[in-house]
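Below: final04.cif (mmCIF, N, CA and C atoms)
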data_upload
loop_
_atom_site.label_atom_id
_atom_site.label_comp_id
_atom_site.auth_asym_id
_atom_site.auth_seq_id
_atom_site.Cartn_x
_atom_site.Cartn_y
_atom_site.Cartn_z
N LEU X 1 81.97 74.92 94.28
CA LEU X 1 81.08 74.03 94.98
C LEU X 1 79.64 74.21 94.50
N GLY X 2 79.35 75.39 93.95
CA GLY X 2 78.01 75.64 93.46
C GLY X 2 77.00 75.92 94.55
N ALA X 3 77.44 76.19 95.77
CA ALA X 3 76.52 76.45 96.87
C ALA X 3 76.34 77.95 97.03
N ASP X 4 75.11 78.43 96.88
CA ASP X 4 74.83 79.84 97.11
C ASP X 4 74.88 80.12 98.60
N VAL X 5 75.39 81.29 98.94
CA VAL X 5 75.53 81.68 100.33
C VAL X 5 74.75 82.96 100.55
N THR X 6 73.96 83.01 101.59
CA THR X 6 73.23 84.21 101.95
C THR X 6 73.56 84.57 103.39
N LEU X 7 74.08 85.76 103.58
CA LEU X 7 74.41 86.25 104.92
C LEU X 7 73.48 87.40 105.26
N PRO X 8 73.14 87.57 106.54
CA PRO X 8 72.15 88.57 106.93
C PRO X 8 72.48 89.99 106.48
N ILE X 9 73.71 90.45 106.65
CA ILE X 9 74.05 91.83 106.30
C ILE X 9 74.46 91.95 104.84
N LEU X 10 75.20 90.99 104.34
CA LEU X 10 75.74 91.06 102.98
C LEU X 10 74.76 90.60 101.91
N GLY X 11 73.79 89.81 102.26
CA GLY X 11 72.83 89.31 101.28
C GLY X 11 73.37 88.11 100.54
N ASP X 12 72.96 87.97 99.27
CA ASP X 12 73.41 86.83 98.44
C ASP X 12 74.86 87.03 98.02
N LEU X 13 75.64 85.98 98.16
CA LEU X 13 77.04 85.99 97.77
C LEU X 13 77.25 84.98 96.66
N PRO X 14 78.26 85.17 95.82
CA PRO X 14 78.50 84.25 94.71
C PRO X 14 78.91 82.86 95.20
N PRO X 15 78.76 81.85 94.34
CA PRO X 15 79.13 80.49 94.74
C PRO X 15 80.61 80.32 95.08
N ALA X 16 81.45 81.21 94.59
CA ALA X 16 82.88 81.09 94.87
C ALA X 16 83.25 81.58 96.26
N TYR X 17 82.30 82.12 97.00
CA TYR X 17 82.60 82.72 98.31
C TYR X 17 83.19 81.70 99.29
N LEU X 18 82.54 80.59 99.49
CA LEU X 18 83.03 79.61 100.47
C LEU X 18 84.40 79.03 100.10
N PRO X 19 84.62 78.64 98.82
CA PRO X 19 85.98 78.16 98.49
C PRO X 19 87.05 79.23 98.68
N LEU X 20 86.72 80.48 98.38
CA LEU X 20 87.71 81.55 98.57
C LEU X 20 88.01 81.79 100.04
N VAL X 21 87.01 81.69 100.89
CA VAL X 21 87.25 81.84 102.33
C VAL X 21 88.13 80.69 102.82
N ALA X 22 87.87 79.47 102.33
CA ALA X 22 88.68 78.32 102.74
C ALA X 22 90.13 78.47 102.27
N LEU X 23 90.33 78.89 101.01
CA LEU X 23 91.68 79.08 100.50
C LEU X 23 92.39 80.21 101.23
N SER X 24 91.67 81.26 101.55
CA SER X 24 92.26 82.36 102.31
C SER X 24 92.70 81.88 103.69
N GLY X 25 91.91 81.01 104.30
CA GLY X 25 92.30 80.44 105.58
C GLY X 25 93.56 79.60 105.47
N LEU X 26 93.69 78.83 104.40
CA LEU X 26 94.91 78.04 104.19
C LEU X 26 96.12 78.93 104.00
N LEU X 27 95.94 80.02 103.26
CA LEU X 27 97.05 80.96 103.09
C LEU X 27 97.43 81.61 104.41
N GLY X 28 96.44 81.87 105.25
CA GLY X 28 96.73 82.42 106.57
C GLY X 28 97.55 81.47 107.41
N VAL X 29 97.23 80.18 107.35
CA VAL X 29 97.99 79.19 108.09
C VAL X 29 99.42 79.12 107.56
N ALA X 30 99.57 79.11 106.24
CA ALA X 30 100.91 79.08 105.64
C ALA X 30 101.70 80.34 106.03
N ASP X 31 101.02 81.48 106.06
CA ASP X 31 101.70 82.73 106.42
C ASP X 31 102.13 82.72 107.88
N SER X 32 101.41 81.98 108.72
CA SER X 32 101.80 81.91 110.13
C SER X 32 103.12 81.16 110.30
N PHE X 33 103.49 80.34 109.33
CA PHE X 33 104.80 79.70 109.35
C PHE X 33 105.87 80.60 108.71
N ARG X 34 105.48 81.34 107.67
CA ARG X 34 106.42 82.18 106.95
C ARG X 34 106.85 83.39 107.77
N GLU X 35 105.92 84.02 108.46
CA GLU X 35 106.21 85.27 109.17
C GLU X 35 107.30 85.13 110.23
N PRO X 36 107.24 84.13 111.12
CA PRO X 36 108.34 84.01 112.09
C PRO X 36 109.70 83.75 111.43
N ALA X 37 109.70 82.99 110.35
CA ALA X 37 110.96 82.74 109.65
C ALA X 37 111.51 84.03 109.05
N SER X 38 110.62 84.84 108.48
CA SER X 38 111.04 86.12 107.93
C SER X 38 111.59 87.04 109.01
N MET X 39 110.90 87.09 110.14
CA MET X 39 111.37 87.94 111.24
C MET X 39 112.73 87.44 111.76
N ALA X 40 112.91 86.13 111.81
CA ALA X 40 114.18 85.58 112.28
C ALA X 40 115.32 85.96 111.34
N LEU X 41 115.05 85.94 110.04
CA LEU X 41 116.08 86.34 109.08
C LEU X 41 116.47 87.80 109.25
N PHE X 42 115.47 88.67 109.44
CA PHE X 42 115.78 90.07 109.65
C PHE X 42 116.52 90.29 110.97
N ALA X 43 116.15 89.57 112.01
CA ALA X 43 116.84 89.69 113.29
C ALA X 43 118.28 89.22 113.17
N ASP X 44 118.49 88.13 112.45
CA ASP X 44 119.83 87.61 112.24
C ASP X 44 120.68 88.61 111.47
N GLU X 45 120.10 89.21 110.45
CA GLU X 45 120.81 90.22 109.67
C GLU X 45 121.14 91.42 110.55
N GLY X 46 120.20 91.80 111.42
CA GLY X 46 120.43 92.94 112.30
C GLY X 46 121.53 92.69 113.30
N THR X 47 121.66 91.47 113.79
CA THR X 47 122.72 91.18 114.76
C THR X 47 124.09 91.17 114.10
N ASP X 48 124.14 90.84 112.83
CA ASP X 48 125.42 90.87 112.11
C ASP X 48 125.96 92.30 112.00
N GLU X 49 125.04 93.25 111.82
CA GLU X 49 125.44 94.65 111.64
C GLU X 49 125.38 95.44 112.95
N GLY X 50 124.92 94.82 114.04
CA GLY X 50 124.92 95.48 115.32
C GLY X 50 123.63 96.16 115.72
N GLY X 51 122.55 96.00 114.96
CA GLY X 51 121.32 96.67 115.33
C GLY X 51 120.08 95.93 114.87
N VAL X 52 119.50 95.12 115.76
CA VAL X 52 118.29 94.37 115.40
C VAL X 52 117.14 95.32 115.11
N ALA X 53 117.02 96.37 115.90
CA ALA X 53 115.90 97.31 115.72
C ALA X 53 115.97 97.99 114.36
N SER X 54 117.16 98.32 113.90
CA SER X 54 117.26 98.98 112.60
C SER X 54 116.86 98.04 111.47
N SER X 55 117.13 96.75 111.61
CA SER X 55 116.74 95.82 110.55
C SER X 55 115.22 95.68 110.50
N PHE X 56 114.54 95.72 111.68
CA PHE X 56 113.08 95.67 111.68
C PHE X 56 112.49 96.96 111.13
N GLY X 57 113.15 98.09 111.40
CA GLY X 57 112.68 99.36 110.86
C GLY X 57 112.75 99.37 109.35
N ILE X 58 113.81 98.83 108.80
CA ILE X 58 113.94 98.75 107.34
C ILE X 58 112.88 97.82 106.77
N ARG X 59 112.61 96.73 107.47
CA ARG X 59 111.58 95.79 107.02
C ARG X 59 110.23 96.49 106.94
N GLU X 60 109.90 97.27 107.94
CA GLU X 60 108.63 97.99 107.93
C GLU X 60 108.59 99.02 106.82
N LEU X 61 109.70 99.70 106.58
CA LEU X 61 109.74 100.69 105.50
C LEU X 61 109.52 100.04 104.14
N VAL X 62 109.98 98.81 103.99
CA VAL X 62 109.83 98.11 102.72
C VAL X 62 108.43 97.53 102.57
N TRP X 63 107.91 96.90 103.63
CA TRP X 63 106.63 96.17 103.51
C TRP X 63 105.40 97.04 103.66
N ARG X 64 105.40 97.98 104.60
CA ARG X 64 104.17 98.71 104.93
C ARG X 64 103.62 99.53 103.76
N PRO X 65 104.43 100.32 103.06
CA PRO X 65 103.84 101.08 101.94
C PRO X 65 103.24 100.18 100.87
N GLY X 66 103.90 99.08 100.58
CA GLY X 66 103.37 98.17 99.57
C GLY X 66 102.10 97.48 100.01
N SER X 67 102.01 97.15 101.29
CA SER X 67 100.81 96.46 101.76
C SER X 67 99.62 97.40 101.84
N VAL X 68 99.85 98.71 101.89
CA VAL X 68 98.76 99.68 101.88
C VAL X 68 98.48 100.16 100.45
N ALA X 69 99.51 100.55 99.74
CA ALA X 69 99.32 101.14 98.42
C ALA X 69 98.95 100.10 97.36
N GLY X 70 99.48 98.88 97.49
CA GLY X 70 99.21 97.85 96.49
C GLY X 70 97.74 97.58 96.26
N PRO X 71 96.97 97.25 97.30
CA PRO X 71 95.54 97.01 97.10
C PRO X 71 94.79 98.25 96.62
N LEU X 72 95.21 99.44 97.08
CA LEU X 72 94.54 100.65 96.62
C LEU X 72 94.76 100.88 95.13
N ILE X 73 95.99 100.72 94.68
CA ILE X 73 96.30 100.89 93.26
C ILE X 73 95.58 99.82 92.44
N ALA X 74 95.60 98.58 92.92
CA ALA X 74 94.94 97.50 92.19
C ALA X 74 93.44 97.73 92.09
N GLY X 75 92.83 98.20 93.17
CA GLY X 75 91.39 98.49 93.12
C GLY X 75 91.07 99.60 92.15
N TRP X 76 91.88 100.64 92.16
CA TRP X 76 91.65 101.74 91.23
C TRP X 76 91.82 101.28 89.78
N LEU X 77 92.88 100.52 89.53
CA LEU X 77 93.10 100.01 88.17
C LEU X 77 91.96 99.10 87.72
N MET X 78 91.47 98.26 88.61
CA MET X 78 90.40 97.33 88.26
C MET X 78 89.14 98.09 87.88
N VAL X 79 88.82 99.15 88.61
CA VAL X 79 87.59 99.90 88.35
C VAL X 79 87.76 100.85 87.16
N GLU X 80 88.87 101.55 87.11
CA GLU X 80 89.04 102.60 86.10
C GLU X 80 89.63 102.11 84.78
N VAL X 81 90.43 101.06 84.81
CA VAL X 81 91.08 100.59 83.58
C VAL X 81 90.53 99.22 83.23
N SER X 82 91.08 98.18 83.80
CA SER X 82 90.59 96.82 83.56
C SER X 82 91.29 95.87 84.53
N MET X 83 90.74 94.69 84.65
CA MET X 83 91.36 93.67 85.50
C MET X 83 92.70 93.25 84.93
N ALA X 84 92.82 93.20 83.62
CA ALA X 84 94.09 92.84 83.00
C ALA X 84 95.19 93.83 83.38
N ALA X 85 94.83 95.11 83.51
CA ALA X 85 95.82 96.12 83.88
C ALA X 85 96.40 95.85 85.26
N VAL X 86 95.59 95.31 86.16
CA VAL X 86 96.08 94.97 87.50
C VAL X 86 97.20 93.94 87.39
N PHE X 87 97.01 92.93 86.56
CA PHE X 87 98.03 91.90 86.41
C PHE X 87 99.26 92.42 85.68
N TYR X 88 99.07 93.29 84.68
CA TYR X 88 100.22 93.86 83.98
C TYR X 88 101.06 94.74 84.90
N VAL X 89 100.41 95.57 85.69
CA VAL X 89 101.14 96.44 86.61
C VAL X 89 101.82 95.61 87.71
N GLY X 90 101.12 94.61 88.24
CA GLY X 90 101.72 93.73 89.24
C GLY X 90 102.94 93.00 88.68
N GLY X 91 102.82 92.51 87.46
CA GLY X 91 103.94 91.84 86.81
C GLY X 91 105.11 92.79 86.58
N ALA X 92 104.79 94.03 86.20
CA ALA X 92 105.85 95.02 85.98
C ALA X 92 106.59 95.32 87.28
N PHE X 93 105.85 95.43 88.39
CA PHE X 93 106.50 95.64 89.68
C PHE X 93 107.36 94.45 90.06
N ALA X 94 106.89 93.24 89.81
CA ALA X 94 107.67 92.04 90.13
C ALA X 94 108.97 92.00 89.33
N ILE X 95 108.86 92.26 88.04
CA ILE X 95 110.06 92.25 87.18
C ILE X 95 111.02 93.36 87.59
N THR X 96 110.48 94.53 87.93
CA THR X 96 111.32 95.63 88.39
C THR X 96 112.07 95.25 89.66
N GLY X 97 111.39 94.57 90.58
CA GLY X 97 112.05 94.13 91.80
C GLY X 97 113.17 93.14 91.54
N VAL X 98 112.94 92.21 90.63
CA VAL X 98 113.96 91.23 90.29
C VAL X 98 115.16 91.91 89.64
N LEU X 99 114.90 92.82 88.71
CA LEU X 99 116.00 93.52 88.04
C LEU X 99 116.78 94.40 89.01
N ALA X 100 116.08 95.05 89.94
CA ALA X 100 116.77 95.87 90.94
C ALA X 100 117.64 94.98 91.83
N PHE X 101 117.12 93.83 92.25
CA PHE X 101 117.90 92.91 93.06
C PHE X 101 119.16 92.46 92.32
N LEU X 102 119.01 92.08 91.06
CA LEU X 102 120.17 91.63 90.30
C LEU X 102 121.18 92.75 90.09
N ALA X 103 120.70 93.97 89.85
CA ALA X 103 121.61 95.10 89.65
C ALA X 103 122.39 95.40 90.93
N ILE X 104 121.71 95.40 92.08
CA ILE X 104 122.39 95.66 93.35
C ILE X 104 123.36 94.54 93.67
N LEU X 105 122.95 93.30 93.42
CA LEU X 105 123.83 92.16 93.66
C LEU X 105 125.08 92.24 92.80
N ALA X 106 124.93 92.56 91.52
CA ALA X 106 126.08 92.67 90.63
C ALA X 106 126.98 93.83 91.02
N ARG X 107 126.37 94.95 91.45
CA ARG X 107 127.18 96.10 91.84
C ARG X 107 127.98 95.81 93.11
N ASP X 108 127.34 95.17 94.09
CA ASP X 108 128.01 94.93 95.37
C ASP X 108 128.94 93.73 95.37
N HIS X 109 128.64 92.70 94.58
CA HIS X 109 129.40 91.46 94.64
C HIS X 109 129.99 91.02 93.31
N GLY X 110 129.86 91.80 92.29
CA GLY X 110 130.41 91.45 90.99
C GLY X 110 129.42 90.69 90.12
N ARG X 111 129.76 90.57 88.85
CA ARG X 111 128.86 89.96 87.88
C ARG X 111 128.65 88.47 88.11
N ALA X 112 129.58 87.82 88.79
CA ALA X 112 129.48 86.37 89.02
C ALA X 112 128.89 86.06 90.40
N ALA X 113 128.16 86.99 90.98
CA ALA X 113 127.67 86.82 92.35
C ALA X 113 126.73 85.62 92.48
N LEU X 114 125.85 85.43 91.52
CA LEU X 114 124.90 84.31 91.62
C LEU X 114 125.57 82.96 91.47
N THR X 115 126.60 82.89 90.66
CA THR X 115 127.27 81.59 90.48
C THR X 115 128.15 81.25 91.68
N THR X 116 128.65 82.27 92.40
CA THR X 116 129.46 81.97 93.58
C THR X 116 128.60 81.73 94.80
N TRP X 117 127.35 82.08 94.75
CA TRP X 117 126.45 81.86 95.87
C TRP X 117 126.25 80.41 96.00
#

For the structure just supplied, provide its representation as structure tokens.
Amino acid sequence: LGADVTLPILGDLPPAYLPLVALSGLLGVADSFREPASMALFADEGTDEGGVASSFGIRELVWRPGSVAGPLIAGWLMVEVSMAAVFYVGGAFAITGVLAFLAILARDHGRAALTTW
């Protein structure tokens, strides 16, 4: 937008500040739709196995460390290495997650699991 922003405590902010706040707000609205659906899926999975609470516990074990450690690691990489390293490490984690999912799927349901889904 090219509009400079000055806030009393923060001082001068870059022109990208207002668009980023707006986009962050849109992502927050989208996440407000995603989160209940995600919780419903975990609750449904928990009722199939007999324990809704255990499925939420597993969800927290999976999400919480990543939501805390991810930004810390990315910040350290950005300052100490480079911004490109943040994207390379993030991409490596994403690929590792996909490969782990496929390996577990193939082990539990056979090599043709994706085609029978």

Helix (DSSP H, G or I) positions in chain X, given as a VMD selection string: chain X and resid 17 to 49 52 to 80 83 to 109 113 to 116

Judged by only N, CA and C atoms, the minimum distance to Tyr17 of chain X among X:Thr116, X:Val5, X:Ala85, X:Glu60 is found for X:Val5

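Candidate residues X:Leu41, X:Ile73, X:Ala16, X:Val98 were compared for distance to Val86 of chain X, and the nearest is X:Ile73, using only N, CA and C atoms.
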
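Atom CA of Ile9 of chain X is found 25.6 Å from atom CA of Leu27 of chain X.
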
Using only C-alpha atoms, the best pick from X:Gly25, X:Gly97, X:Gly110, X:Pro15 as closest to Val62 of chain X would be X:Gly97

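Interatomic distance, atom C of Leu77 of chain X against atom CA of Ala94 of chain X: 17.4 Å.
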
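Taking atom CA of Ala22 of chain X and atom N of Leu7 of chain X as the two end points, the separation is 16.4 Å.
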
With only N, CA and C atoms as the counted atoms, please give the residues lying no more than 8 Å from Phe87 of chain X, apart from itself and same-chain residues fewer than 5 positions off, as a short mmCIF file (atom, residue, chain, number, x, y, z; two decimals) with N, CA and C atoms, in the coordinates of the input.
data_model
loop_
_atom_site.label_atom_id
_atom_site.label_comp_id
_atom_site.auth_asym_id
_atom_site.auth_seq_id
_atom_site.Cartn_x
_atom_site.Cartn_y
_atom_site.Cartn_z
N ALA X 74 95.60 98.58 92.92
CA ALA X 74 94.94 97.50 92.19
C ALA X 74 93.44 97.73 92.09
N MET X 78 91.47 98.26 88.61
CA MET X 78 90.40 97.33 88.26
C MET X 78 89.14 98.09 87.88
N SER X 82 91.08 98.18 83.80
CA SER X 82 90.59 96.82 83.56
C SER X 82 91.29 95.87 84.53
N ALA X 92 104.79 94.03 86.20
CA ALA X 92 105.85 95.02 85.98
C ALA X 92 106.59 95.32 87.28
N PHE X 93 105.85 95.43 88.39
CA PHE X 93 106.50 95.64 89.68
C PHE X 93 107.36 94.45 90.06
#

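Here the strand (DSSP E) residues in chain X, by DSSP on the backbone, are Val5, Thr6, Leu7, Gly11, Asp12 and Leu13 of chain X.
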